[in-house]
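Participant: Dropping in protein-v1.txt, which is compact mmCIF, C-alpha atoms and all ligand atoms:
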```txt
# COMPACT_ATOMS: atom_id res chain seq x y z
CA MET A 28 130.81 -132.65 24.64
CA PHE A 29 129.17 -131.82 27.94
CA ILE A 30 129.67 -134.92 30.06
CA GLY A 31 132.75 -137.10 29.81
CA ALA A 32 132.30 -140.33 31.76
CA ILE A 33 134.55 -143.16 32.81
CA ALA A 34 132.91 -146.43 33.83
CA ASP A 35 134.76 -149.15 35.73
CA ASP A 36 133.03 -151.91 33.80
CA LEU A 37 131.25 -152.44 30.56
CA THR A 38 127.71 -153.16 31.70
CA GLY A 39 127.94 -150.12 33.96
CA ALA A 40 128.96 -147.99 31.00
CA THR A 41 125.97 -149.18 28.99
CA ASP A 42 123.67 -148.54 31.91
CA LEU A 43 125.00 -144.97 32.21
CA CYS A 44 124.62 -144.41 28.45
CA LEU A 45 120.98 -145.35 28.74
CA MET A 46 120.42 -142.92 31.61
CA LEU A 47 122.07 -140.01 29.77
CA ALA A 48 120.19 -140.85 26.56
CA ARG A 49 116.94 -140.76 28.53
CA GLY A 50 118.02 -137.31 29.68
CA GLY A 51 117.96 -136.17 26.05
CA MET A 52 121.67 -136.45 25.22
CA ARG A 53 123.29 -138.10 22.20
CA VAL A 54 125.55 -140.69 23.80
CA VAL A 55 128.37 -142.86 22.50
CA GLN A 56 130.04 -145.65 24.47
CA VAL A 57 133.70 -146.27 23.69
CA ILE A 58 135.43 -149.51 24.67
CA GLY A 59 138.70 -148.65 26.38
CA VAL A 60 140.59 -145.35 26.32
CA PRO A 61 139.74 -143.70 22.97
CA ASP A 62 142.73 -143.10 20.71
CA ALA A 63 143.70 -139.64 19.52
CA ALA A 64 141.90 -140.16 16.18
CA PHE A 65 138.50 -140.79 17.82
CA ASP A 66 135.82 -138.37 16.58
CA PHE A 67 134.04 -136.93 19.63
CA ALA A 68 131.90 -134.52 17.62
CA ALA A 69 128.78 -136.69 17.43
CA ALA A 70 128.29 -136.97 21.19
CA ASP A 71 126.82 -134.74 23.89
CA ALA A 72 128.12 -137.31 26.33
CA LEU A 73 130.81 -139.89 25.89
CA VAL A 74 131.14 -142.89 28.17
CA VAL A 75 134.49 -144.68 28.22
CA ALA A 76 134.05 -148.29 29.30
CA LEU A 77 137.05 -149.63 31.20
CA LYS A 78 137.49 -152.99 32.90
CA SER A 79 139.07 -151.47 35.96
CA ARG A 80 136.87 -152.57 38.84
CA THR A 81 139.08 -155.36 40.09
CA ILE A 82 142.46 -154.78 38.42
CA PRO A 83 145.42 -153.59 40.56
CA ARG A 84 144.61 -150.11 41.75
CA ALA A 85 147.64 -148.37 40.18
CA GLU A 86 146.50 -149.69 36.79
CA ALA A 87 142.93 -148.58 37.42
CA VAL A 88 144.15 -145.10 38.32
CA ASP A 89 146.40 -144.85 35.24
CA LEU A 90 143.69 -146.00 32.84
CA SER A 91 141.09 -143.71 34.38
CA LEU A 92 143.43 -140.73 34.22
CA ALA A 93 144.29 -141.48 30.57
CA ALA A 94 140.59 -141.63 29.71
CA ALA A 95 139.84 -138.45 31.67
CA ARG A 96 142.61 -136.52 29.92
CA ARG A 97 141.15 -137.46 26.51
CA LEU A 98 137.69 -136.38 27.66
CA ILE A 99 138.94 -133.06 29.04
CA ASP A 100 140.92 -132.41 25.83
CA ALA A 101 137.75 -133.11 23.84
CA GLY A 102 135.96 -130.40 25.82
CA ALA A 103 134.08 -132.32 28.51
CA ARG A 104 132.62 -129.80 30.91
CA GLN A 105 131.93 -132.29 33.70
CA LEU A 106 133.59 -135.62 34.48
CA PHE A 107 131.55 -138.56 35.75
CA PHE A 108 133.07 -141.65 37.35
CA LYS A 109 130.59 -144.52 37.17
CA TYR A 110 130.77 -147.58 39.40
CA CYS A 111 128.29 -150.20 40.45
CA SER A 112 125.13 -149.33 42.35
CA THR A 113 126.22 -151.97 44.88
CA PHE A 114 129.54 -150.09 45.32
CA ASP A 115 131.54 -153.15 44.18
CA SER A 116 135.06 -152.68 45.53
CA THR A 117 137.53 -153.95 48.11
CA ASP A 118 139.50 -152.21 50.87
CA ASP A 119 142.20 -151.57 48.24
CA GLY A 120 139.82 -149.80 45.89
CA ASN A 121 139.27 -149.11 43.21
CA ILE A 122 136.53 -146.55 43.80
CA GLY A 123 138.43 -144.41 46.33
CA PRO A 124 141.81 -144.30 44.54
CA VAL A 125 140.27 -143.52 41.12
CA ALA A 126 137.98 -140.82 42.53
CA GLU A 127 140.95 -139.32 44.35
CA ALA A 128 143.07 -139.25 41.16
CA LEU A 129 140.27 -137.74 39.08
CA LEU A 130 139.66 -135.06 41.72
CA GLY A 131 143.32 -134.14 41.46
CA LEU A 132 143.26 -134.04 37.66
CA ALA A 133 140.09 -131.92 37.61
CA GLY A 134 141.59 -129.59 40.22
CA ALA A 135 138.38 -129.88 42.23
CA ALA A 136 137.90 -129.41 45.95
CA LEU A 137 135.09 -131.87 46.34
CA THR A 138 133.13 -134.69 44.74
CA ILE A 139 130.13 -136.77 45.68
CA ALA A 140 129.68 -140.53 45.87
CA CYS A 141 126.11 -141.60 45.20
CA PRO A 142 125.46 -145.17 44.03
CA ALA A 143 121.66 -145.00 44.56
CA PHE A 144 119.59 -146.51 41.73
CA PRO A 145 116.01 -146.70 43.06
CA ALA A 146 114.61 -148.27 39.86
CA ASN A 147 116.75 -151.32 40.68
CA GLY A 148 116.17 -151.21 44.43
CA ARG A 149 119.47 -149.57 45.39
CA THR A 150 118.90 -146.78 47.90
CA VAL A 151 121.19 -144.91 50.29
CA TYR A 152 119.85 -143.83 53.68
CA ARG A 153 122.01 -142.30 56.42
CA GLY A 154 125.04 -143.41 54.46
CA HIS A 155 123.92 -147.04 54.35
CA LEU A 156 123.33 -148.81 51.06
CA PHE A 157 120.24 -150.98 50.70
CA VAL A 158 119.56 -153.60 48.03
CA GLY A 159 115.80 -153.92 48.04
CA ASP A 160 114.82 -154.38 51.69
CA GLN A 161 118.24 -155.62 52.77
CA LEU A 162 121.37 -153.84 53.84
CA LEU A 163 124.10 -154.33 51.24
CA SER A 164 125.99 -156.50 53.75
CA ASP A 165 122.98 -158.84 54.13
CA SER A 166 122.30 -159.03 50.38
CA SER A 167 123.74 -161.60 47.98
CA MET A 168 126.58 -159.11 47.40
CA LYS A 169 128.18 -160.45 50.57
CA ASP A 170 129.10 -163.53 48.51
CA HIS A 171 130.25 -161.84 45.29
CA PRO A 172 133.13 -163.86 43.77
CA LEU A 173 135.43 -160.83 43.32
CA THR A 174 134.09 -157.98 45.47
CA PRO A 175 132.24 -159.39 48.48
CA MET A 176 130.51 -156.45 50.21
CA ARG A 177 130.36 -157.07 53.96
CA ASP A 178 129.75 -153.50 55.20
CA ALA A 179 126.77 -151.34 54.18
CA ASN A 180 128.14 -148.10 55.68
CA LEU A 181 129.49 -146.35 52.59
CA VAL A 182 131.32 -143.62 54.48
CA ARG A 183 133.31 -146.32 56.25
CA VAL A 184 133.79 -148.39 53.08
CA LEU A 185 135.01 -145.42 51.03
CA GLN A 186 137.18 -144.05 53.84
CA LYS A 187 139.11 -147.35 53.89
CA GLN A 188 139.97 -146.77 50.22
CA THR A 189 141.23 -143.18 50.35
CA ALA A 190 143.29 -140.87 52.53
CA LEU A 191 141.00 -137.97 51.59
CA PRO A 192 138.40 -137.17 54.28
CA VAL A 193 134.96 -138.62 53.51
CA GLY A 194 131.68 -137.15 54.81
CA LEU A 195 127.93 -137.55 54.40
CA VAL A 196 125.08 -135.42 53.07
CA GLY A 197 122.15 -137.00 54.87
CA TYR A 198 118.54 -137.55 53.94
CA GLY A 199 117.31 -134.53 55.92
CA THR A 200 119.44 -132.18 53.83
CA VAL A 201 118.58 -133.90 50.53
CA GLU A 202 114.87 -133.52 51.35
CA LYS A 203 115.30 -129.75 51.70
CA GLY A 204 116.28 -129.35 48.05
CA ALA A 205 119.14 -128.35 45.78
CA GLU A 206 120.01 -125.11 47.60
CA ALA A 207 120.39 -126.94 50.92
CA ILE A 208 122.50 -129.66 49.29
CA ARG A 209 124.75 -127.06 47.68
CA ALA A 210 125.12 -125.32 51.04
CA ALA A 211 126.09 -128.68 52.54
CA PHE A 212 128.75 -129.10 49.84
CA ASP A 213 130.18 -125.65 50.66
CA LYS A 214 130.14 -126.32 54.39
CA ALA A 215 131.83 -129.70 53.94
CA ALA A 216 134.49 -128.19 51.66
CA GLY A 217 135.13 -125.55 54.33
CA GLU A 218 135.69 -128.36 56.83
CA GLY A 219 138.22 -130.01 54.53
CA LEU A 220 136.04 -132.92 53.43
CA ARG A 221 136.76 -134.06 49.85
CA MET A 222 134.26 -136.85 49.11
CA LEU A 223 130.65 -136.85 50.24
CA VAL A 224 128.39 -139.87 50.26
CA VAL A 225 124.91 -138.53 49.47
CA ASP A 226 121.66 -140.17 50.62
CA ALA A 227 118.97 -140.79 48.00
CA VAL A 228 115.96 -143.09 47.94
CA THR A 229 113.92 -141.73 45.01
CA ASP A 230 114.57 -140.59 41.44
CA ASP A 231 113.26 -137.13 42.35
CA GLN A 232 115.92 -136.87 45.05
CA LEU A 233 118.52 -137.91 42.48
CA ARG A 234 117.28 -135.15 40.15
CA THR A 235 117.67 -132.66 43.01
CA ILE A 236 121.17 -133.94 43.77
CA GLY A 237 121.99 -133.66 40.05
CA LYS A 238 120.89 -130.04 40.09
CA ALA A 239 123.01 -129.33 43.15
CA ALA A 240 125.98 -131.00 41.45
CA ALA A 241 125.88 -128.61 38.45
CA GLY A 242 129.02 -126.82 39.61
CA LEU A 243 131.05 -129.94 40.47
CA LYS A 244 133.86 -130.76 38.05
CA LEU A 245 133.61 -134.43 39.02
CA VAL A 246 130.56 -136.47 40.00
CA THR A 247 130.91 -140.12 41.06
CA GLY A 248 128.21 -142.72 41.50
CA GLY A 249 125.91 -145.24 39.90
CA SER A 250 123.98 -144.42 36.78
CA GLY A 251 121.05 -143.25 38.92
CA VAL A 252 122.61 -139.95 39.96
CA ALA A 253 123.20 -139.12 36.28
CA ILE A 254 119.42 -138.73 35.88
CA GLY A 255 119.62 -135.07 36.85
CA LEU A 256 122.80 -134.07 35.02
CA PRO A 257 121.65 -133.56 31.39
CA ALA A 258 119.15 -130.90 32.55
CA ASN A 259 122.07 -128.81 33.85
CA PHE A 260 123.18 -128.44 30.23
CA GLY A 261 119.72 -127.63 28.87
CA PHE A 262 118.65 -131.14 27.79
CA GLU A 263 115.13 -132.42 28.40
CA GLU A 264 114.19 -135.85 29.71
CA GLY A 265 112.31 -138.12 27.33
CA LYS A 266 112.00 -141.78 26.61
CA ALA A 267 115.16 -142.99 24.90
CA ASN A 268 115.30 -145.65 22.26
CA ALA A 269 111.88 -147.19 22.73
CA LEU A 270 111.67 -148.52 19.18
CA PRO A 271 112.41 -152.10 18.15
CA PHE A 272 115.92 -152.47 16.99
CA PRO A 273 117.14 -153.36 13.49
CA ALA A 274 119.63 -155.94 14.72
CA PRO A 275 122.16 -157.77 12.55
CA ALA A 276 120.73 -161.05 11.29
CA GLY A 277 122.24 -164.30 12.50
CA ARG A 278 122.04 -166.90 15.23
CA ALA A 279 121.82 -166.01 18.92
CA ALA A 280 123.31 -167.24 22.20
CA ILE A 281 123.30 -166.48 25.91
CA ILE A 282 126.61 -166.43 27.79
CA ALA A 283 126.48 -166.10 31.58
CA GLY A 284 129.46 -165.77 33.92
CA SER A 285 127.65 -163.89 36.64
CA CYS A 286 127.00 -165.76 39.88
CA SER A 287 124.62 -163.08 41.15
CA ALA A 288 121.25 -164.15 42.50
CA ALA A 289 119.27 -162.51 39.67
CA THR A 290 121.34 -164.24 36.98
CA ARG A 291 120.91 -167.61 38.67
CA ARG A 292 117.13 -167.08 38.72
CA GLN A 293 117.23 -166.10 35.04
CA ILE A 294 119.14 -169.28 34.20
CA ALA A 295 116.59 -171.37 36.11
CA ALA A 296 113.73 -169.65 34.25
CA ALA A 297 115.39 -170.19 30.85
CA ARG A 298 116.09 -173.84 31.59
CA GLY A 299 112.55 -174.25 32.89
CA ALA A 300 111.28 -172.91 29.56
CA GLY A 301 113.30 -175.51 27.63
CA VAL A 302 116.39 -173.48 26.66
CA PRO A 303 119.28 -175.99 26.35
CA ALA A 304 122.08 -175.09 28.77
CA LEU A 305 125.73 -176.10 29.10
CA LYS A 306 127.21 -175.60 32.56
CA ILE A 307 130.93 -174.83 32.80
CA ASP A 308 132.95 -175.75 35.89
CA PRO A 309 136.24 -173.82 36.45
CA GLN A 310 137.94 -177.02 37.62
CA ASP A 311 137.06 -178.70 34.32
CA ILE A 312 138.69 -175.81 32.46
CA ALA A 313 141.82 -176.04 34.63
CA ASP A 314 142.03 -179.80 34.04
CA GLY A 315 141.51 -179.45 30.30
CA ARG A 316 138.19 -181.34 30.37
CA MET A 317 136.31 -178.29 29.06
CA THR A 318 137.48 -175.97 26.29
CA ALA A 319 136.04 -173.01 24.42
CA GLU A 320 136.00 -175.13 21.25
CA ALA A 321 133.90 -177.83 22.89
CA ALA A 322 131.47 -175.36 24.45
CA ALA A 323 131.04 -173.44 21.18
CA ARG A 324 130.53 -176.68 19.25
CA TRP A 325 127.85 -177.67 21.74
CA ALA A 326 126.03 -174.33 21.14
CA VAL A 327 126.28 -174.63 17.35
CA GLU A 328 125.03 -178.21 17.39
CA SER A 329 122.23 -177.48 19.88
CA GLY A 330 120.22 -176.20 16.92
CA HIS A 331 118.26 -174.06 19.39
CA ALA A 332 117.42 -170.38 18.77
CA THR A 333 119.13 -169.21 21.99
CA PRO A 334 121.42 -171.85 23.60
CA LEU A 335 122.84 -170.91 27.01
CA VAL A 336 126.47 -171.43 28.10
CA TYR A 337 126.95 -170.59 31.76
CA SER A 338 129.38 -170.94 34.65
CA SER A 339 127.10 -169.33 37.24
CA ASN A 340 126.94 -171.24 40.47
CA ASP A 341 125.80 -170.82 44.06
CA PRO A 342 128.08 -169.27 46.71
CA ALA A 343 129.15 -172.63 48.21
CA GLU A 344 130.24 -174.00 44.81
CA VAL A 345 132.00 -170.75 43.89
CA ALA A 346 133.86 -170.87 47.23
CA ARG A 347 134.87 -174.47 46.54
CA ALA A 348 136.27 -173.59 43.09
CA GLN A 349 138.06 -170.56 44.54
CA SER A 350 139.70 -172.50 47.33
CA ALA A 351 140.98 -175.07 44.83
CA LEU A 352 142.10 -172.62 42.13
CA GLY A 353 142.39 -169.21 43.81
CA ARG A 354 139.78 -166.47 43.45
CA LYS A 355 141.57 -164.66 40.67
CA ARG A 356 142.47 -167.73 38.64
CA ALA A 357 138.96 -169.23 38.87
CA GLY A 358 137.49 -165.98 37.55
CA GLU A 359 140.07 -165.65 34.80
CA LEU A 360 139.65 -169.24 33.62
CA VAL A 361 135.91 -168.74 33.29
CA GLU A 362 136.15 -165.29 31.68
CA HIS A 363 138.72 -166.50 29.17
CA LEU A 364 136.67 -169.54 28.25
CA LEU A 365 133.41 -167.62 27.83
CA ALA A 366 135.17 -164.96 25.72
CA GLY A 367 136.58 -167.77 23.58
CA VAL A 368 133.09 -169.20 23.14
CA ALA A 369 131.80 -165.84 21.90
CA VAL A 370 134.63 -165.47 19.38
CA ARG A 371 134.04 -168.97 18.02
CA LEU A 372 130.28 -168.48 17.80
CA ARG A 373 130.79 -165.26 15.85
CA ALA A 374 132.96 -167.22 13.42
CA ALA A 375 130.11 -169.74 13.14
CA GLY A 376 127.61 -167.04 12.13
CA PHE A 377 126.18 -166.00 15.51
CA ARG A 378 125.39 -162.26 15.54
CA ARG A 379 123.22 -161.78 18.64
CA PHE A 380 124.48 -162.25 22.18
CA VAL A 381 123.07 -161.75 25.63
CA VAL A 382 125.96 -161.68 28.12
CA ALA A 383 125.40 -161.76 31.90
CA GLY A 384 128.00 -160.33 34.28
CA GLY A 385 130.00 -157.12 34.29
CA GLU A 386 133.46 -158.72 34.28
CA THR A 387 132.19 -161.40 31.94
CA SER A 388 130.83 -158.81 29.50
CA GLY A 389 134.15 -156.98 29.63
CA ALA A 390 136.04 -160.15 28.75
CA VAL A 391 133.63 -161.05 25.95
CA VAL A 392 133.58 -157.58 24.39
CA ASN A 393 137.36 -157.20 24.64
CA ALA A 394 137.73 -160.48 22.79
CA LEU A 395 135.18 -159.51 20.14
CA GLY A 396 136.99 -156.20 19.75
CA PRO A 397 134.43 -153.50 18.86
CA ALA A 398 135.69 -149.92 19.27
CA ALA A 399 132.34 -148.56 20.43
CA LEU A 400 128.69 -149.45 21.05
CA ALA A 401 125.55 -147.65 19.90
CA ILE A 402 122.73 -147.80 22.42
CA GLY A 403 119.41 -149.38 21.42
CA PRO A 404 116.16 -150.12 23.25
CA GLU A 405 116.00 -150.83 26.98
CA ILE A 406 115.19 -154.42 27.93
CA ASP A 407 115.00 -153.80 31.68
CA PRO A 408 116.18 -150.85 33.82
CA GLY A 409 119.86 -150.32 33.07
CA VAL A 410 120.14 -152.94 30.30
CA PRO A 411 119.73 -151.90 26.67
CA TRP A 412 120.45 -153.74 23.45
CA THR A 413 123.52 -152.31 21.78
CA VAL A 414 125.07 -152.72 18.37
CA SER A 415 128.82 -152.91 17.97
CA LEU A 416 130.64 -150.23 15.96
CA GLY A 417 134.11 -150.29 14.46
CA SER A 418 134.47 -154.04 13.95
CA GLU A 419 133.05 -156.37 11.32
CA PRO A 420 130.57 -157.96 11.30
CA PRO A 421 128.27 -155.82 13.47
CA LEU A 422 126.80 -157.68 16.46
CA ALA A 423 123.76 -157.11 18.67
CA LEU A 424 124.93 -157.28 22.28
CA ALA A 425 122.87 -157.09 25.47
CA LEU A 426 125.34 -156.73 28.34
CA LYS A 427 123.64 -157.38 31.64
CA SER A 428 125.06 -156.48 35.01
CA GLY A 429 124.71 -159.61 37.14
CA ASN A 430 121.92 -158.51 39.45
CA PHE A 431 119.84 -156.66 36.85
CA GLY A 432 116.79 -157.84 34.98
CA THR A 433 113.59 -159.73 35.69
CA ASP A 434 113.61 -163.51 35.99
CA ASP A 435 112.49 -163.98 32.36
CA PHE A 436 115.27 -161.72 31.00
CA PHE A 437 116.92 -164.45 28.91
CA LEU A 438 113.57 -165.26 27.33
CA LYS A 439 112.17 -161.80 26.67
CA ALA A 440 115.30 -159.88 25.59
CA TRP A 441 114.99 -161.20 22.02
CA GLU A 442 111.51 -159.73 21.53
CA LEU A 443 113.01 -156.25 21.02
CA LEU A 444 115.09 -157.35 18.04
CA GLN A 445 113.72 -157.05 14.52
P1 LIG B 1 128.38 -159.81 38.20
O1 LIG B 1 127.92 -158.78 37.20
O2 LIG B 1 127.28 -160.69 38.70
O3 LIG B 1 129.23 -159.21 39.27
P2 LIG B 1 130.80 -160.64 36.90
O4 LIG B 1 130.91 -161.27 35.55
O5 LIG B 1 131.17 -159.19 37.03
O6 LIG B 1 129.30 -160.85 37.38
O7 LIG B 1 131.67 -161.41 37.98
C1 LIG B 1 131.58 -162.78 38.18
C2 LIG B 1 132.99 -163.32 38.32
O8 LIG B 1 132.89 -164.65 38.82
C3 LIG B 1 133.73 -163.41 36.99
O9 LIG B 1 135.09 -163.09 37.17
C4 LIG B 1 133.58 -164.88 36.63
O10 LIG B 1 134.59 -165.34 35.77
C5 LIG B 1 133.64 -165.52 37.99
N1 LIG B 1 132.97 -166.84 37.99
C6 LIG B 1 131.95 -167.22 37.20
N2 LIG B 1 131.57 -168.47 37.46
C7 LIG B 1 132.37 -168.91 38.45
C8 LIG B 1 132.47 -170.13 39.16
N3 LIG B 1 131.65 -171.17 38.90
N4 LIG B 1 133.43 -170.24 40.12
C9 LIG B 1 134.25 -169.22 40.38
N5 LIG B 1 134.21 -168.02 39.77
C10 LIG B 1 133.28 -167.86 38.80
```
Written as structure tokens, how would this file's structure read?
Ligand code: ADP
Facilitator:
Amino acid sequence: MFIGAIADDLTGATDLCLMLARGGMRVVQVIGVPDAAFDFAAADALVVALKSRTIPRAEAVDLSLAAARRLIDAGARQLFFKYCSTFDSTDDGNIGPVAEALLGLAGAALTIACPAFPANGRTVYRGHLFVGDQLLSDSSMKDHPLTPMRDANLVRVLQKQTALPVGLVGYGTVEKGAEAIRAAFDKAAGEGLRMLVVDAVTDDQLRTIGKAAAGLKLVTGGSGVAIGLPANFGFEEGKANALPFPAPAGRAAIIAGSCSAATRRQIAAARGAGVPALKIDPQDIADGRMTAEAAARWAVESGHATPLVYSSNDPAEVARAQSALGRKRAGELVEHLLAGVAVRLRAAGFRRFVVAGGETSGAVVNALGPAALAIGPEIDPGVPWTVSLGSEPPLALALKSGNFGTDDFFLKAWELLQ
């Protein structure tokens, strides 16, 4: 194994798998910390999917360290800590604390933090993260239900999460090439800096940063910065998994717990195209008016090829539910219900699921219980079809990070399945 990665959510892990596969590597995604019996031999890169983005930070650190120890024992030459390209986190973490712990475990002087993912409009310039044309703090991420991002200055955001000194490798240095970036790493290490936010606005810059990061024991970032890493180990970029996918046969459903703007547009497009949709309100779950049984029954009885069960709502409605129920409880009620829907639909013969939302996907996949996912064809940047491994029956799962995908995602995803 060359690269051993730890992702703080499931959709992020899948996204990273896709990037490394495109870089020519054989990649396996494992759900949760792999047990001692797990066979690592088949993978050039292994991505451990955790659900550690918003859990208490001590737990996130422990889980990440446990995963990293397994990866190091299995021979990983470089560790990668993957988080969201919108740097989803709070002042408590968990990006800073986990990166800090992994640096310690790897015995490394320095790591980088680079969430840029230009293919999805995430760029970093002078330490500031942009989502499309907007600063992160002006984007819809300012209203995220769990990790509202109200500051676009990543040096400041990360520095609030760690006692280790954070610095910046700016655009001017990145433009000069890998040698200059490496020199900047050395200079920063000499000054006692331990984590460096790195500017990047194009894939070519990410490839250059990847090259400069060849000697780092730990790289942290979005999936974008992984674009240049396989080449350091002699792999060649190609197009991964372009072929249609022999998916398990059975009925299909869409489950959406993401309140991100892209998901809400995708729901509107699906409804506009006649997809029947059941909207779930957290208050109804709390009051017992809505249950997983009832929602699953509705999907079964819809008779439609791809019924949609969703809780997604606009920021004002999410805020209303959170003030009545608490942020954490509202999220948990919804996640638990949607996971329960997936389990019941599987029992009713459903084998194909599109799931929207990182936390939501984590809850659904944990409930369905596969040990690992094999990566299939890419639906949109960062979102492939996958097939579950290690649990019966096999399922086709497309796990979509909330803000990813074109507006017709819920309509077109199925076209790649045989
Ligand atoms: P994204 O990928 O868009 O960030 P996630 O699934 O990671 O989506 O996060 C969305 C969170 O919001 C989940 O915890 C989900 O349970 C919660 N949630 C979903 N719908 C609602 C709602 N109507 N009110 C409050 N919270 C909600």
Participant: Can you list, as a list in words, every protein, DNA or RNA residue that comes within 10 Å of Ile282 in chain A when you count only C-alpha atoms, leaving out same-chain residues fewer than 3 positions away?
Facilitator: Ser285, Ala304, Leu305, Thr333, Pro334, Leu335, Val336, Tyr337, Ser338, Ser339, Leu365, Ala366, Val368, Ala369, Phe380, Val381, Val382, Ala383, Gly384, Thr387, Ser388, Val391, Leu426 and Phe437 of chain A
Participant: Quick one: distance from CA of Arg221 in chain A to CA of Leu129 in chain A in Å, one decimal?
Facilitator: 11.9 Å
Participant: Give the residue list for ligand LIG 1 (chain B) at 7 Å, counting only C-alpha atoms and all ligand atoms, as a PyMOL selection string, sorted by chain and then by residue number.
Facilitator: chain A and resi 171-173+284-287+308-309+338-340+344-345+348-349+354+357-362+383-388+428-430
Participant: In Å, how far is it from CA of Asp100 in chain A to CA of Val60 in chain A?
Facilitator: 13.0 Å
Participant: Fewer than 6 positions away in the same chain doesn't count, so skip those; otherwise give me all residues within 12 Å of Gln232 in chain A, counting all atoms listed in the file, as a list of chain:residue names.
Facilitator: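 So the residues in contact are A:Cys141, A:Ala143, A:Phe144, A:Pro145, A:Thr150, A:Val151, A:Tyr152, A:Gly197, A:Tyr198, A:Gly199, A:Thr200, A:Val201, A:Glu202, A:Lys203, A:Gly204, A:Ala205, A:Ile208, A:Val225, A:Asp226, A:Lys238, A:Ala239, A:Gly251, A:Val252, A:Ala253, A:Ile254, A:Gly255.
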Participant: Pick from A:Asp213, A:Asp178, A:Glu127, A:Asp311: nearest to Leu245 in chain A, with all atoms listed in the file counted?
Facilitator: A:Glu127
Participant: Env of range 119-121 of chain A: 12 Å cut, atoms = only C-alpha atoms, seq-sep filter 4 positions within chain, self excluded. Answer as a ChimeraX atom specification.
Facilitator: /A:34-36,78-91,108-111,114-115,125-128,174,184-190
Participant: Select, from A:Phe29, A:Phe431, A:Phe436, A:Phe157, the residue with the minimum atom-to-atom distance to Leu98 in chain A, counting all atoms listed in the file.
Facilitator: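 Nearest to Leu98 in chain A: A:Phe29.
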Participant: CA of Pro404 in chain A and CA of Asp231 in chain A, how far apart in Å?
Facilitator: 23.3 Å
Participant: Considering only C-alpha atoms, return as a ChimeraX atom specification whatever protein or nucleic-acid residues lie within 12 Å of Ala425 in chain A, sequence-local ones (same chain, fewer than 6 positions apart) excluded.
Facilitator: /A:37-38,41-42,272,274,279-283,378-385,388,391-392,400-407,409-415,431-432,436-437,439-441,443-444
Participant: Could you tell me which of A:Gly248, A:Ala207, A:Gly417, A:Ala215 comes closest to Leu181 in chain A if we count all atoms listed in the file?
Facilitator: A:Gly248
Participant: Please provide the set of residues having any atom within 7 Å of Leu156 in chain A, restricted to only C-alpha atoms, with same-chain residues fewer than 6 positions apart removed, written as a list in words.
Facilitator: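 The contact residues come out as Arg149, Thr150, Leu162, Leu163, Ala179, Asn180 and Leu181 of chain A.
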Participant: Using all atoms of range 285-300 of chain A listed in the file and a margin of 8 Å per side, can you give the axis-aligned box centre and edge lengths in Å to one decimal, as AutoDock Vina command-line options?
Facilitator:
```
--center_x 119.5 --center_y -168.4 --center_z 36.0 --size_x 32.4 --size_y 27.7 --size_z 28.9
```
Participant: For Ala93 in chain A, which residue out of A:Ala326, A:Leu132, A:Leu422, A:Ile294 is the nearest one, using only C-alpha atoms?
Facilitator: A:Leu132
Participant: Please return as a ChimeraX atom specification every residue within 6 Å of (130.8, -135.9, 31.4), taking into account all atoms listed in the file and the file's own coordinates.
Facilitator: /A:29-32,72,103,105-107
Participant: Please return range 354-363 of chain A, rebuilt to N, CA and C atoms, as a short mmCIF file (atom, residue, chain, number, x, y, z; two decimals), in the frame of the given file.
Facilitator:
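To be explicit, this is the file written out as rebuild.cif:
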```
data_model
loop_
_atom_site.label_atom_id
_atom_site.label_comp_id
_atom_site.auth_asym_id
_atom_site.auth_seq_id
_atom_site.Cartn_x
_atom_site.Cartn_y
_atom_site.Cartn_z
N ARG A 354 140.90 -167.30 43.90
CA ARG A 354 139.78 -166.47 43.45
C ARG A 354 140.04 -165.89 42.05
N LYS A 355 141.26 -165.35 41.91
CA LYS A 355 141.57 -164.66 40.67
C LYS A 355 141.61 -165.65 39.50
N ARG A 356 142.28 -166.77 39.73
CA ARG A 356 142.47 -167.73 38.64
C ARG A 356 141.12 -168.33 38.22
N ALA A 357 140.27 -168.66 39.21
CA ALA A 357 138.96 -169.23 38.87
C ALA A 357 138.21 -168.27 37.97
N GLY A 358 138.21 -166.98 38.35
CA GLY A 358 137.49 -165.98 37.55
C GLY A 358 138.09 -165.86 36.16
N GLU A 359 139.41 -165.83 36.10
CA GLU A 359 140.07 -165.65 34.80
C GLU A 359 139.83 -166.84 33.87
N LEU A 360 139.88 -168.04 34.45
CA LEU A 360 139.65 -169.24 33.62
C LEU A 360 138.28 -169.17 32.97
N VAL A 361 137.29 -168.79 33.79
CA VAL A 361 135.91 -168.74 33.29
C VAL A 361 135.77 -167.62 32.26
N GLU A 362 136.28 -166.44 32.60
CA GLU A 362 136.15 -165.29 31.68
C GLU A 362 136.80 -165.61 30.33
N HIS A 363 137.98 -166.20 30.38
CA HIS A 363 138.72 -166.50 29.17
C HIS A 363 137.96 -167.52 28.32
#
```
